[in-house]
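Enquirer: Please read through the structure below; I'll follow up with questions.
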Amino acid sequence: MSSFAMAGQRTTGNRNRRRLSRVGLHIFLIVLAFIFAWPMLYAIYTSLRPYGEIALNPNGFFSTPATLNLNNYFNVWTAGPLPMFYWNTAVVTIPAVLLTLWISSMVAFTISRFSWRFNLLVLMIFTAGNLLPPQVIILPLYKLYNIIPVPAPLSDNGRLYDQFVGLILIHTTFQTGFCTFVLSNYMKTLSKELVEAAMIDGAGVMTIYRQVVMPLVTPALAALATLLFTWIYNDFFWALLLFKTGDKRPITAALNNLGSEFGSDPTQIAAMSVLAAIPTVVLYMILQRWFVRGLTLGSAKG
Amino acid sequence: MDEQEKRVGMLSGGQVTRREVLKKGLIGAAGLTVLPAVIAACSSSATPSPVATITPTTPPAATPTPAGPAVTPAPTTPGAPTFIGPLTGQLTVGSNHSDASEVAGMASIDAAFKTATGLDPKVNKVDHNTFQTQINSYLGATPDDVFTWFSGFRMRFFASKGLATAIDDVWANVSSNYTAGFANAVVGDDKKVYGIPVDYYPWCVFYRKSFFTAKGYTVPATWTDFLALCTKMQSDGITPVAFGDDGGWPAMGWFDILNLRQNGYDFHVGLMTGANKWTDSKVTDVLNLWAKVVPFYLHGYAGLTWQKACDSLIQQKSGMFLLGLFMTGEVATVDAANKTTVLADIDFFPFPFMGNSFDAEKALDAPIDIWMASSKSTTLQADLTNAKAYLEFWSKGSTQVLMYKSQPGFIPTATDADKSSYDVLTAKAVSIVSQAQKITQFLDRDTRPDFAGTNGVGSFFLTFLNNPSQDLAKFQKSVQDFWDKLPVYTGA
């Protein structure tokens, strides 16, 4: 009996301990979540306050508000003008994402489905491209963009420099390596028999690519599209360096417009940052499932 | 290898790369453009100022780096044909005027230009800092026909690289509207004119009148008075000097004025151009003077923006503030948000004098902004007349006043500008500048760009300010070593 009772006590003790560790875990997670959310919450808080009030308050940005309103949002929306910059971002991001997925899926298809001499070498080159910091090539790229001729509908100055098409190209170039790597790994997991069956049925290479492989990699494509959208959307570097026209900038680089010669208004920058972040946040919420899967894509099989 | 050695090593490897220059914002200048007090002509007095006869100082010839040329502006051709008239075609304008007030000023000027010529310029507005950091890649690629820039070495640098178009023919039409000081500021190494001066702003010490009255403070005329006032303010529980060095350039303003006061204009110019050494005992004197003010600076100044420093002046937590006239913009912003009238309470005085022979110079920093014509613009050949008309239009006082009305921090440079529209502060600024016998452009416009960059002298100053009691000989040697390892500037 005593041993039975002791066993019961041990179970209760275990349960208590488990509950305690569960509580500890949640406290830890809540604190962590708060730390992660803090910059965003703080930006939102700052964006709701007039700068003049913060400037005069002895505690500055840490002060409690006398006024909270949306004036900063209205100001940046019209002064921006923000709709134009959102449009610029769309013009760059959407074609770049589609182009990247199209090209990398073809390369991945070739690498994973066909056995040829330079199979591994090609994959290595594409993967190695991921290791190259983009900043390294900015000088030659700038020179190239100024001498490569581009016909009229695509370019208004006959060059790649200061053109949307130039920005789309460089994004596609830099993202293709990663996407090829991920997609080829994903395609390798597809069963060989499917392709062989299609071949026996007389399907050509393009038919196999279009009608057999592509429908099967849709989950990977969706995950990559989510990731690519976020990455390209958040680009600041290329947009700043390869454009000279202020009105052509995507929304992220346009944030710089709020800076001025002798200083800037941090509350307006906060408001515009929040507005600029909204599309990615919304997209993430909608495609959360794909996003998380995207992060682990290709890690299962290498 | 310490930080400084790293910097030196980075730059001593030969040519400064384009990327580096691009990164640093490509500033700077060697050879001060002298802007003698001829700005006097800007003041309402029509009589020539006695100081107007001062000729620009030529820095010593034996400089390893660019010497500010003593130049004679192109002679005025009487009755030269004007470019302003009915225009056709187009014109692209690169503008760094990104503040709302300046955008409004640009809009009214472009509307006036359209009324005068029928041509509507296409403005490419880029925020000020990006414009500045990208200037190298901008001018080398497909720049706009005309663009905003700065006078002095910063202008000559690009002119000497063939990235700007000489506009002597425009200057011939408009030079009579400028005093010799402005004229000298826009001449390139090849003696051709490359810019149209459109505005300037002086650096002075700002304070709140009511605060001084309430506390019984008086405006210090001498350095001794200044230090005494600082001590008094400190004992009253007030930070004597508002100072925020975020960005590294506000400290340059302090060095400029202390060096000008202590060692005079000629020594300062020599130091900027490399003729004088940073190891000179005169520099030690300046650093020792500076060390006396550092304890009176606002706490945490290294990370504070100048706006935060300005805010402490507005809040009457700090007593005095050395900055450019543009600080009134921050005051106006705070006023607008809180429906206060602090701006009317702001006054300023020239930096106190040392009681030496250089007092008479009454020197100060007063940077000049200009418009230039690019050279690599793909449309410039077709738009050349339009571009020149636009530059000529900007040389008119009536045009510059349109900008001034939107942004009162920019004082017009044209002699025929309507002074009746000036507010009290501007009128006072004009008068202080007109009394100055010698005027400098600000350190980062007066010395070479790779020296003036934030990794250069800006960080050296911060090193000094962090510990003013350090071994100054060693400190000065590190600055001079940095200078000596910079690539030789060949100029034009």
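Each chain in the structure tokens gets a letter, A, B and so on, in the order shown; residues start at 1 in every chain, and ligands are counted from 1 in the order they appear.
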Which neighbours of A:Leu275 fall inside 10 Å, counting only C-alpha atoms, when residues of the same chain fewer than 6 positions from it are skipped, and could you give them as a list in words?
Expert: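 My reading of the contact set: Ile44, Tyr73, Val76, Trp77, Leu82, Tyr86, Ile251 and Ile269 of chain A.
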Enquirer: Save the residues we just selected, C-alpha atoms, as a short mmCIF file (atom, residue, chain, number, x, y, z; two decimals), in the first residue's frame?
Expert:
```
data_model
loop_
_atom_site.label_atom_id
_atom_site.label_comp_id
_atom_site.auth_asym_id
_atom_site.auth_seq_id
_atom_site.Cartn_x
_atom_site.Cartn_y
_atom_site.Cartn_z
CA ILE A 44 3.64 52.26 -33.55
CA TYR A 73 0.09 58.78 -41.08
CA VAL A 76 3.39 60.75 -44.89
CA TRP A 77 0.62 59.34 -47.03
CA LEU A 82 2.95 56.66 -50.64
CA TYR A 86 3.80 51.05 -53.16
CA ILE A 251 8.68 51.99 -50.61
CA ILE A 269 9.64 57.97 -40.10
#
```
Enquirer: Pick out the chain B residues within 6 Å of chain A. Count only C-alpha atoms. Give them as a list of chain:residue names.
Expert: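 The selection requested is B:Ser98, B:Asp99, B:Asn124, B:Lys125, B:Val126, B:Asp127, B:His128, B:Asp311, B:Val334, B:Ala337.
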Enquirer: Please dump the current selection as a compact mmCIF listing (two decimals), in the first residue's frame; keep N, CA and C atoms.
Expert:
```
# COMPACT_ATOMS: atom_id res chain seq x y z
N SER B 98 14.55 68.35 -50.06
CA SER B 98 13.55 67.34 -49.75
C SER B 98 12.64 67.71 -48.58
N ASP B 99 13.01 68.73 -47.79
CA ASP B 99 12.13 69.15 -46.71
C ASP B 99 10.85 69.74 -47.31
N ASN B 124 13.60 66.07 -60.32
CA ASN B 124 13.89 64.79 -59.69
C ASN B 124 14.32 65.07 -58.27
N LYS B 125 13.37 64.88 -57.35
CA LYS B 125 13.65 65.19 -55.94
C LYS B 125 14.23 63.97 -55.23
N VAL B 126 15.41 64.12 -54.67
CA VAL B 126 16.04 63.03 -53.91
C VAL B 126 16.37 63.59 -52.54
N ASP B 127 16.15 62.79 -51.50
CA ASP B 127 16.38 63.34 -50.16
C ASP B 127 17.84 63.75 -49.99
N HIS B 128 18.03 64.76 -49.19
CA HIS B 128 19.31 65.46 -49.11
C HIS B 128 20.50 64.54 -48.86
N ASP B 311 16.54 71.07 -28.81
CA ASP B 311 15.38 70.94 -27.94
C ASP B 311 15.72 71.33 -26.50
N VAL B 334 8.91 72.69 -33.52
CA VAL B 334 8.45 72.49 -32.15
C VAL B 334 7.34 73.50 -31.82
N ALA B 337 4.05 72.40 -33.38
CA ALA B 337 3.43 71.25 -32.74
C ALA B 337 2.81 71.62 -31.39
```
Enquirer: Can you pull out the residues contacting B:Val93? Cut-off 6 Å, using only C-alpha atoms, and skip same-chain residues under 3 positions away; I want them as a list in words.
Expert: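 Residues meeting the cut-off are Lys122, Val123, Asn124, Asp144, Asp145, Val146 and Phe147 of chain B.
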Enquirer: Kindly give the distance, in Å, that separates atom CA of B:Ala417 and atom CA of B:Ser398, rounded to a single decimal.
Expert: 5.9 Å
Enquirer: Name the residues of stretch 87-313 of chain B that fall into helix (DSSP H, G or I) according to DSSP on the backbone, using the chain letters and numbers of this document, as a PyMOL selection string.
Expert: chain B and resi 100-117+128-133+135-140+153-160+168-177+180-185+209-215+223-235+250-273+281-296+301-303+306-313
Enquirer: When you draw a straight line from atom CA of B:Asp225 to atom CA of B:Thr284, how long is it in Å?
Expert: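 Interatomic distance here is 21.9 Å.
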Enquirer: Just the number, please: distance in Å from atom CA of B:Thr148 to atom CA of B:Gly94, one decimal.
Expert: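 Between atom CA of B:Thr148 and atom CA of B:Gly94 the gap is 6.5 Å.
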